[in-house]
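The structure under discussion appears below in the form of structure tokens.
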Amino acid sequence: LALLPALSTAVLPSARAVHLRTYVPGPRRALTARISAGMEALLFDCDGVLADTERDGHRVSFNKAFRENNFGFEWDVEQYGRLCEIGGGKERMTHYFNLPENSWPAGYESPTTEELSKGLPMDSSRLDLVKTLHARKTQIFQELIASAVVPLRPGVLRLVDESIGAGVPLAVCSTSNEAAVRTLVETLMGDDRYAKFDFFCGDSVPNKKPAPDVYLQAADKLGVSPSGCVVIEDSGIGLQAAKAAGMACLVTKSTYTGRDDFTAADRVVSELGEPGPAEWVSLDDLKALLGAAAAA
């Protein structure tokens, strides 16, 4: 990739190395989950749920990667909202480059094939381009998150603490890069809470949302039943994935998802919120959703 000298390597922020781990379910954890009133696990999406990262995190990071390579374009707020309908950053760039009004960067206009496989180019040079761009974008995003400029959404930390106190297993299930998701959780929630989470992210499954793969993978690895899981999502494609996995789903609307179709959701709120006169969501509310979904 001679055109992309800035992208030759992608390293994690120097502040802390991110260690990937595979969860091996143990008897104590499975027992604790089943004691918690039938709720076996709480599964969070990341972007738009834990923090409103799409507009001021991912979009900004993509644009910086584009500028570093003199591509001559950037994604504005409204345009990026439309692109968020495509799950996965590499798939998002591929979709954008293939739009009739756009074109691939210089040197990538004549591929060996125009065909795609699961939203990604089958041409090796184009595939290398989007992979390398995405690696650089992920590095920029991690640096941005490590600076704590994007806060957690209201109610997230409270609900995480309620779940930990009740012994409910926690996981993040996201199409985003796992290292970036881990950086966000560790930076914004702290080491103790971070240690309570499992992570199922990025390319860990063959098919991304709206396919149910990532949620089914989480249930399998955690050793719980899909019908005992509650998912918190913010988008229509995330909701489709959760329901296709046979899970209860609460939707917290975010910057780009207010107009999505949430008909299938078990409950829709503007945010998880904090105790007070305005609407807010507790762990007991999620358990009630689980019961209502099972009775439906």
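Within each chain, counting starts at residue 1; across the structure tokens, chains are named A, B, ... in the order shown, with ligands numbered 1 upward in that order.
Every protein or nucleic acid residue with an atom no more than 7 Å from range 212-214 of chain A, counting only C-alpha atoms and leaving out same-chain residues fewer than 5 positions away, appears here: A:Cys173, A:Phe200, A:Val205, A:Asn207, A:Ala241, A:Ala242, A:Ala244, A:Ala245.
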Which residues of range 125-210 of chain A sit at most 10 Å from range 47-52 of chain A, using only C-alpha atoms? Give each one's shortest atom pair and distance in Å (one decimal place), in chain and ascending residue order, as a tab-separated table.
residue	atom	partner	partner_atom	distance
A:Val150	CA	A:Ala51	CA	6.9
A:Pro151	CA	A:Ala51	CA	6.1
A:Leu152	CA	A:Ala51	CA	4.5
A:Arg153	CA	A:Ala51	CA	5.0
A:Pro154	CA	A:Leu50	CA	8.8
A:Gly155	CA	A:Leu50	CA	9.3
A:Val156	CA	A:Leu50	CA	6.3
A:Leu157	CA	A:Leu50	CA	8.8
A:Val172	CA	A:Leu50	CA	9.2
A:Ser174	CA	A:Asp47	CA	7.7
A:Thr175	CA	A:Asp47	CA	9.0
A:Ser176	CA	A:Asp47	CA	7.9
A:Val181	CA	A:Asp47	CA	8.6
A:Leu184	CA	A:Ala51	CA	8.6
A:Val185	CA	A:Leu50	CA	8.3
A:Leu188	CA	A:Ala51	CA	9.3
Take the residues that were just selected and, keeping N, CA, C and O atoms, output them as an mmCIF file, in the first residue's frame.
data_model
loop_
_atom_site.group_PDB
_atom_site.id
_atom_site.type_symbol
_atom_site.label_atom_id
_atom_site.label_comp_id
_atom_site.auth_asym_id
_atom_site.auth_seq_id
_atom_site.Cartn_x
_atom_site.Cartn_y
_atom_site.Cartn_z
ATOM 1 N N VAL A 150 -15.327 11.749 25.333
ATOM 2 C CA VAL A 150 -16.684 11.252 25.077
ATOM 3 C C VAL A 150 -17.168 10.562 26.358
ATOM 4 O O VAL A 150 -16.620 9.537 26.750
ATOM 5 N N PRO A 151 -18.191 11.105 27.039
ATOM 6 C CA PRO A 151 -18.617 10.536 28.328
ATOM 7 C C PRO A 151 -19.564 9.354 28.155
ATOM 8 O O PRO A 151 -20.141 9.138 27.078
ATOM 9 N N LEU A 152 -19.725 8.589 29.220
ATOM 10 C CA LEU A 152 -20.769 7.572 29.259
ATOM 11 C C LEU A 152 -22.134 8.236 29.203
ATOM 12 O O LEU A 152 -22.315 9.365 29.676
ATOM 13 N N ARG A 153 -23.112 7.542 28.663
ATOM 14 C CA ARG A 153 -24.470 8.058 28.644
ATOM 15 C C ARG A 153 -25.095 7.960 30.044
ATOM 16 O O ARG A 153 -24.694 7.109 30.860
ATOM 17 N N PRO A 154 -26.065 8.819 30.350
ATOM 18 C CA PRO A 154 -26.683 8.807 31.685
ATOM 19 C C PRO A 154 -27.262 7.434 32.037
ATOM 20 O O PRO A 154 -27.911 6.794 31.215
ATOM 21 N N GLY A 155 -26.998 7.002 33.252
ATOM 22 C CA GLY A 155 -27.579 5.767 33.764
ATOM 23 C C GLY A 155 -26.773 4.519 33.515
ATOM 24 O O GLY A 155 -27.042 3.475 34.128
ATOM 25 N N VAL A 156 -25.789 4.576 32.624
ATOM 26 C CA VAL A 156 -25.021 3.372 32.276
ATOM 27 C C VAL A 156 -24.255 2.851 33.484
ATOM 28 O O VAL A 156 -24.332 1.663 33.828
ATOM 29 N N LEU A 157 -23.507 3.725 34.135
ATOM 30 C CA LEU A 157 -22.682 3.290 35.258
ATOM 31 C C LEU A 157 -23.557 2.758 36.402
ATOM 32 O O LEU A 157 -23.218 1.741 37.024
ATOM 33 N N VAL A 172 -20.320 -6.927 26.469
ATOM 34 C CA VAL A 172 -20.533 -5.967 25.391
ATOM 35 C C VAL A 172 -20.491 -6.738 24.078
ATOM 36 O O VAL A 172 -19.557 -7.503 23.828
ATOM 37 N N SER A 174 -20.654 -5.975 20.128
ATOM 38 C CA SER A 174 -20.561 -4.836 19.214
ATOM 39 C C SER A 174 -19.900 -5.228 17.901
ATOM 40 O O SER A 174 -19.062 -6.129 17.864
ATOM 41 N N THR A 175 -20.265 -4.506 16.844
ATOM 42 C CA THR A 175 -19.583 -4.695 15.567
ATOM 43 C C THR A 175 -18.248 -3.951 15.530
ATOM 44 O O THR A 175 -17.467 -4.123 14.604
ATOM 45 N N SER A 176 -17.980 -3.117 16.540
ATOM 46 C CA SER A 176 -16.743 -2.342 16.573
ATOM 47 C C SER A 176 -15.548 -3.225 16.938
ATOM 48 O O SER A 176 -15.693 -4.310 17.486
ATOM 49 N N VAL A 181 -13.372 -1.135 21.897
ATOM 50 C CA VAL A 181 -14.453 -1.284 22.879
ATOM 51 C C VAL A 181 -13.869 -1.468 24.274
ATOM 52 O O VAL A 181 -14.340 -0.875 25.258
ATOM 53 N N LEU A 184 -12.668 1.805 25.678
ATOM 54 C CA LEU A 184 -13.783 2.642 26.134
ATOM 55 C C LEU A 184 -14.267 2.200 27.514
ATOM 56 O O LEU A 184 -14.427 3.024 28.427
ATOM 57 N N VAL A 185 -14.496 0.906 27.688
ATOM 58 C CA VAL A 185 -15.023 0.412 28.966
ATOM 59 C C VAL A 185 -14.015 0.628 30.085
ATOM 60 O O VAL A 185 -14.360 1.108 31.175
ATOM 61 N N LEU A 188 -13.609 4.611 30.770
ATOM 62 C CA LEU A 188 -14.776 5.329 31.284
ATOM 63 C C LEU A 188 -15.417 4.665 32.494
ATOM 64 O O LEU A 188 -16.174 5.306 33.222
#
As a PyMOL selection string, please: the residues near Glu178 in chain A (cut-off 6 Å, only C-alpha atoms, same-chain neighbours under 2 positions excluded).
chain A and resi 180-181+201-202
How about saving the chosen residues, N, CA and C atoms kept, as a PDB file, in the first residue's frame?
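File written: result_6.pdb
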ATOM      1  N   ALA A 180     -10.860  -1.339  20.687  1.00  0.00           N
ATOM      2  CA  ALA A 180     -11.465  -0.020  20.892  1.00  0.00           C
ATOM      3  C   ALA A 180     -12.564  -0.076  21.942  1.00  0.00           C
ATOM      4  N   VAL A 181     -13.372  -1.135  21.897  1.00  0.00           N
ATOM      5  CA  VAL A 181     -14.453  -1.284  22.879  1.00  0.00           C
ATOM      6  C   VAL A 181     -13.869  -1.468  24.274  1.00  0.00           C
ATOM      7  N   CYS A 201     -16.910  -8.928  19.928  1.00  0.00           N
ATOM      8  CA  CYS A 201     -16.839  -7.730  19.098  1.00  0.00           C
ATOM      9  C   CYS A 201     -16.227  -7.991  17.727  1.00  0.00           C
ATOM     10  N   GLY A 202     -16.363  -6.981  16.873  1.00  0.00           N
ATOM     11  CA  GLY A 202     -15.670  -6.952  15.594  1.00  0.00           C
ATOM     12  C   GLY A 202     -15.957  -8.146  14.713  1.00  0.00           C
TER      13      GLY A 202
END
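DSSP secondary structure from the backbone places Ala41, Leu42, Leu43, Phe44, Asp47, Ala51, Leu116, Ser117, Leu120, Pro121, Leu152, Leu170, Ala171, Val172, Cys173, Ser174, Phe197, Asp198, Phe199, Phe200 and Cys201 of chain A of range 26-218 of chain A in strand (DSSP E or B).
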Identify which of the residues A:Glu233, A:Glu91, A:Glu101, A:Glu74 lies closest to Asp203 in chain A, counting only C-alpha atoms when measuring atom-to-atom distances.
A:Glu91
From the DSSP assignment of the backbone, select every residue of range 182-295 of chain A that is alpha helix (DSSP H), and format the answer as JSON, numbers by chain.
{"A": [182, 183, 184, 185, 186, 187, 188, 189, 191, 192, 193, 194, 213, 214, 215, 216, 217, 218, 219, 220, 221, 222, 236, 237, 238, 239, 240, 241, 242, 243, 244, 283, 284, 285, 286, 287, 288, 289, 290, 291, 292, 293, 294, 295]}
Find the residues near Leu290 in chain A: any atom within 10 Å, counting only C-alpha atoms, skip ones fewer than 4 places away on the same chain, and give them as JSON, numbers by chain.
{"A": [37, 38, 39, 227, 228, 229, 230, 231, 247, 248, 249, 250, 266, 284, 285, 286, 294, 295]}
Tell me which protein, DNA and RNA residues are within 7 Å of range 132-137 of chain A, counting only C-alpha atoms, leaving out same-chain ones fewer than 3 positions away, and put them as a VMD selection string.
chain A and resid 7 10 61 to 62 65 89 to 90 128 to 129 140 to 141
Keeping only C-alpha atoms, write those residues as a CSV table (one decimal), in the first residue's frame.
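The resulting file, part.csv, is shown below:
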chain,number,residue,atom,x,y,z
A,7,LEU,CA,-1.1,3.2,7.9
A,10,ALA,CA,-1.5,0.1,14.0
A,61,SER,CA,-11.6,9.2,13.6
A,62,PHE,CA,-12.5,8.1,10.1
A,65,ALA,CA,-7.6,8.8,8.7
A,89,GLY,CA,-16.4,0.1,9.8
A,90,LYS,CA,-14.7,-1.8,7.0
A,128,ASP,CA,-6.1,-4.4,2.1
A,129,LEU,CA,-7.0,-0.7,1.8
A,140,ILE,CA,-7.1,7.3,16.4
A,141,PHE,CA,-10.4,6.3,18.1
